[in-house]
>>> print(open('structure_25.pdb').read())   # PDB, C-alpha atoms, pLDDT in the B column
ATOM      1  CA  MET P 189      74.187 -54.679 -41.513  1.00 54.00           C
ATOM      2  CA  GLU P 190      73.495 -56.501 -38.282  1.00 54.00           C
ATOM      3  CA  ASP P 191      70.167 -54.643 -38.029  1.00 57.00           C
ATOM      4  CA  ILE P 192      68.998 -56.085 -41.335  1.00 55.00           C
ATOM      5  CA  PHE P 193      70.103 -59.675 -40.706  1.00 54.00           C
ATOM      6  CA  PRO P 194      70.247 -60.113 -36.908  1.00 55.00           C
ATOM      7  CA  ASN P 195      70.756 -63.905 -36.907  1.00 55.00           C
ATOM      8  CA  PHE P 196      72.841 -64.184 -40.069  1.00 54.00           C
ATOM      9  CA  PHE P 197      76.168 -63.709 -38.310  1.00 53.00           C
ATOM     10  CA  ASN P 198      75.303 -66.084 -35.456  1.00 54.00           C
ATOM     11  CA  PHE P 199      75.834 -69.260 -37.475  1.00 52.00           C
ATOM     12  CA  THR P 200      78.502 -70.618 -35.103  1.00 51.00           C
ATOM     13  CA  SER P 201      76.066 -71.035 -32.213  1.00 51.00           C
ATOM     14  CA  TRP P 202      75.302 -74.625 -33.242  1.00 46.00           C
ATOM     15  CA  LEU P 203      78.968 -75.678 -33.071  1.00 49.00           C
ATOM     16  CA  PRO P 204      79.903 -77.793 -30.047  1.00 49.00           C
ATOM     17  CA  ASN P 205      82.504 -76.589 -27.575  1.00 55.00           C
ATOM     18  CA  PRO P 206      85.469 -78.853 -28.310  1.00 50.00           C
ATOM     19  CA  SER P 207      87.825 -80.048 -25.655  1.00 52.00           C
ATOM     20  CA  ASP P 208      91.559 -80.184 -26.310  1.00 48.00           C
ATOM     21  CA  GLU P 209      91.438 -83.974 -26.721  1.00 55.00           C
ATOM     22  CA  ASP P 210      88.641 -83.894 -29.317  1.00 58.00           C
ATOM     23  CA  ASP P 211      90.054 -81.096 -31.451  1.00 56.00           C
ATOM     24  CA  PRO P 212      93.860 -81.031 -31.273  1.00 55.00           C
ATOM     25  CA  ILE P 213      94.352 -78.160 -33.733  1.00 60.00           C
ATOM     26  CA  ALA P 214      91.305 -76.235 -32.478  1.00 65.00           C
ATOM     27  CA  ILE P 215      89.624 -75.604 -35.825  1.00 69.00           C
ATOM     28  CA  LEU P 216      86.257 -75.094 -34.158  1.00 72.00           C
ATOM     29  CA  SER P 217      87.860 -72.646 -31.737  1.00 73.00           C
ATOM     30  CA  ILE P 218      89.241 -70.654 -34.651  1.00 71.00           C
ATOM     31  CA  ILE P 219      85.845 -70.616 -36.351  1.00 74.00           C
ATOM     32  CA  ARG P 220      84.162 -69.494 -33.111  1.00 76.00           C
ATOM     33  CA  GLY P 221      86.814 -66.885 -32.335  1.00 76.00           C
ATOM     34  CA  THR P 222      86.653 -65.206 -35.732  1.00 77.00           C
ATOM     35  CA  ASP P 223      84.640 -62.010 -36.076  1.00 79.00           C
ATOM     36  CA  TRP P 224      82.681 -62.853 -39.221  1.00 80.00           C
ATOM     37  CA  LYS P 225      81.240 -59.317 -39.475  1.00 84.00           C
ATOM     38  CA  GLN P 226      84.436 -57.867 -40.918  1.00 85.00           C
ATOM     39  CA  PRO P 227      84.008 -56.683 -44.529  1.00 88.00           C
ATOM     40  CA  TRP P 228      86.997 -58.573 -45.897  1.00 86.00           C
ATOM     41  CA  LEU P 229      85.686 -61.867 -44.496  1.00 86.00           C
ATOM     42  CA  ILE P 230      82.225 -61.172 -45.901  1.00 89.00           C
ATOM     43  CA  CYS P 231      83.858 -60.565 -49.296  1.00 90.00           C
ATOM     44  CA  ILE P 232      85.697 -63.895 -49.057  1.00 88.00           C
ATOM     45  CA  LEU P 233      82.457 -65.701 -48.181  1.00 89.00           C
ATOM     46  CA  ILE P 234      80.704 -64.023 -51.128  1.00 94.00           C
ATOM     47  CA  PHE P 235      83.636 -65.023 -53.361  1.00 91.00           C
ATOM     48  CA  HIS P 236      83.254 -68.659 -52.257  1.00 91.00           C
ATOM     49  CA  CYS P 237      79.513 -68.574 -52.962  1.00 94.00           C
ATOM     50  CA  LEU P 238      80.066 -67.029 -56.406  1.00 95.00           C
ATOM     51  CA  CYS P 239      82.679 -69.653 -57.241  1.00 93.00           C
ATOM     52  CA  PHE P 240      80.372 -72.465 -56.159  1.00 94.00           C
ATOM     53  CA  PHE P 241      77.345 -71.219 -58.072  1.00 96.00           C
ATOM     54  CA  SER P 242      79.303 -70.301 -61.203  1.00 96.00           C
ATOM     55  CA  ASN P 243      80.931 -73.744 -61.237  1.00 94.00           C
ATOM     56  CA  PHE P 244      77.510 -75.309 -60.861  1.00 95.00           C
ATOM     57  CA  TYR P 245      76.002 -73.133 -63.591  1.00 97.00           C
ATOM     58  CA  PHE P 246      78.857 -73.790 -66.049  1.00 96.00           C
ATOM     59  CA  ARG P 247      79.308 -77.444 -65.086  1.00 94.00           C
ATOM     60  CA  LYS P 248      79.041 -78.618 -68.713  1.00 95.00           C
ATOM     61  CA  ASN P 249      81.447 -76.008 -70.098  1.00 96.00           C
ATOM     62  CA  LEU P 250      84.841 -77.705 -70.167  1.00 96.00           C
ATOM     63  CA  THR P 251      86.753 -74.507 -70.991  1.00 96.00           C
ATOM     64  CA  TYR P 252      85.286 -72.715 -67.978  1.00 96.00           C
ATOM     65  CA  GLN P 253      85.972 -75.680 -65.690  1.00 95.00           C
ATOM     66  CA  CYS P 254      89.603 -75.937 -66.826  1.00 96.00           C
ATOM     67  CA  THR P 255      90.095 -72.187 -66.431  1.00 96.00           C
ATOM     68  CA  THR P 256      88.720 -72.166 -62.902  1.00 95.00           C
ATOM     69  CA  LEU P 257      90.837 -75.214 -62.036  1.00 94.00           C
ATOM     70  CA  VAL P 258      93.955 -73.341 -63.122  1.00 96.00           C
ATOM     71  CA  LEU P 259      92.904 -70.210 -61.205  1.00 93.00           C
ATOM     72  CA  TYR P 260      92.144 -72.179 -58.029  1.00 90.00           C
ATOM     73  CA  THR P 261      95.478 -73.980 -58.336  1.00 91.00           C
ATOM     74  CA  LEU P 262      97.308 -70.669 -58.709  1.00 92.00           C
ATOM     75  CA  LEU P 263      95.503 -69.324 -55.636  1.00 88.00           C
ATOM     76  CA  ALA P 264      96.526 -72.412 -53.673  1.00 86.00           C
ATOM     77  CA  LEU P 265     100.139 -72.004 -54.788  1.00 88.00           C
ATOM     78  CA  ALA P 266     100.074 -68.319 -53.828  1.00 87.00           C
ATOM     79  CA  SER P 267      98.535 -68.963 -50.411  1.00 85.00           C
ATOM     80  CA  GLU P 268     101.896 -68.955 -48.621  1.00 85.00           C
ATOM     81  CA  MET P 269     102.816 -65.565 -50.097  1.00 88.00           C
ATOM     82  CA  LEU P 270      99.326 -64.223 -49.354  1.00 87.00           C
ATOM     83  CA  ASN P 271      99.601 -65.455 -45.770  1.00 87.00           C
ATOM     84  CA  GLU P 272     102.989 -63.765 -45.300  1.00 88.00           C
ATOM     85  CA  TYR P 273     101.714 -60.504 -46.794  1.00 89.00           C
ATOM     86  CA  ALA P 274      98.547 -60.599 -44.681  1.00 86.00           C
ATOM     87  CA  SER P 275     100.493 -61.356 -41.495  1.00 86.00           C
ATOM     88  CA  ILE P 276     102.606 -58.239 -42.062  1.00 88.00           C
ATOM     89  CA  HIS P 277      99.811 -55.874 -43.158  1.00 86.00           C
ATOM     90  CA  TRP P 278      96.817 -57.169 -41.180  1.00 85.00           C
ATOM     91  CA  GLU P 279      96.218 -53.787 -39.475  1.00 86.00           C
ATOM     92  CA  SER P 280      95.141 -52.210 -42.762  1.00 88.00           C
ATOM     93  CA  PHE P 281      92.178 -54.553 -43.342  1.00 85.00           C
ATOM     94  CA  ALA P 282      91.450 -56.638 -40.209  1.00 84.00           C
ATOM     95  CA  ASP P 283      90.685 -56.069 -36.538  1.00 82.00           C
ATOM     96  CA  ASP P 284      92.778 -58.995 -35.270  1.00 80.00           C
ATOM     97  CA  ALA P 285      95.955 -60.758 -36.381  1.00 82.00           C
ATOM     98  CA  TYR P 286      94.433 -63.947 -37.786  1.00 79.00           C
ATOM     99  CA  PHE P 287      97.365 -64.923 -39.993  1.00 82.00           C
ATOM    100  CA  ASP P 288      99.922 -67.125 -38.249  1.00 79.00           C
ATOM    101  CA  SER P 289     103.232 -68.545 -39.423  1.00 77.00           C
ATOM    102  CA  ALA P 290     101.755 -72.041 -39.898  1.00 77.00           C
ATOM    103  CA  GLY P 291      99.068 -70.744 -42.251  1.00 79.00           C
ATOM    104  CA  LEU P 292      96.183 -72.458 -40.450  1.00 78.00           C
ATOM    105  CA  PHE P 293      93.713 -69.584 -40.845  1.00 80.00           C
ATOM    106  CA  ILE P 294      94.296 -69.107 -44.557  1.00 82.00           C
ATOM    107  CA  THR P 295      93.980 -72.871 -45.029  1.00 80.00           C
ATOM    108  CA  ILE P 296      90.575 -72.810 -43.318  1.00 77.00           C
ATOM    109  CA  ILE P 297      89.488 -69.816 -45.400  1.00 79.00           C
ATOM    110  CA  PHE P 298      90.645 -71.374 -48.681  1.00 76.00           C
ATOM    111  CA  ASN P 299      88.892 -74.642 -47.956  1.00 72.00           C
TER     112      ASN P 299
END
>>> encode(input="structure_25.pdb", output="structure tokens")
Amino acid sequence: MEDIFPNFFNFTSWLPNPSDEDDPIAILSIIRGTDWKQPWLICILIFHCLCFFSNFYFRKNLTYQCTTLVLYTLLALASEMLNEYASIHWESFADDAYFDSAGLFITIIFN
């Protein structure tokens, strides 16, 4: 896939290098340190794009908006369980152990 889109996965090159004083929880370091070429992360990015465009397309449909609000709320409520499950079984789908006990990575991914 990198042959087709050589610069697509290099979108973090514009991010500044934060010092510890500027970025106390190191969000930019996490974004830089993540291998965005992994299939499960690409699927999550595609999911976010589909959610954004479907919400935009159905912006005047109140039933759709309420349904997606409920689904997004349920995903947010389940994020702790998803983080625990992913921290135990990360070898089956990821190259690195991104999921920590504080849930910082899943919070960045969900937002």
>>> closest_residue(input="structure_25.pdb", among="P:Ala282, P:Ile276, P:Ala290, P:Cys254", to="Lys225 in chain P", atoms="all atoms listed in the file")
P:Ala282
>>> residues_around(input="structure_25.pdb", residues="range 291-294 of chain P", least_positions_apart="3", cutoff="10 Å", atoms="all atoms listed in the file", output="ChimeraX atom specification")
/P:213,215,218-219,222,264,267-268,270-272,274-275,286-288,297-299
>>> atom_distance(input="structure_25.pdb", atom1="CA of Tyr260 in chain P", atom2="CA of Cys239 in chain P")
9.8 Å
>>> axis_aligned_box(input="structure_25.pdb", around="range 215-234 of chain P", padding_each_side="3 Å", output="lines of an AutoDock Vina configuration file")
center_x = 85.2
center_y = -66.1
center_z = -41.4
size_x = 14.9
size_y = 24.9
size_z = 25.4
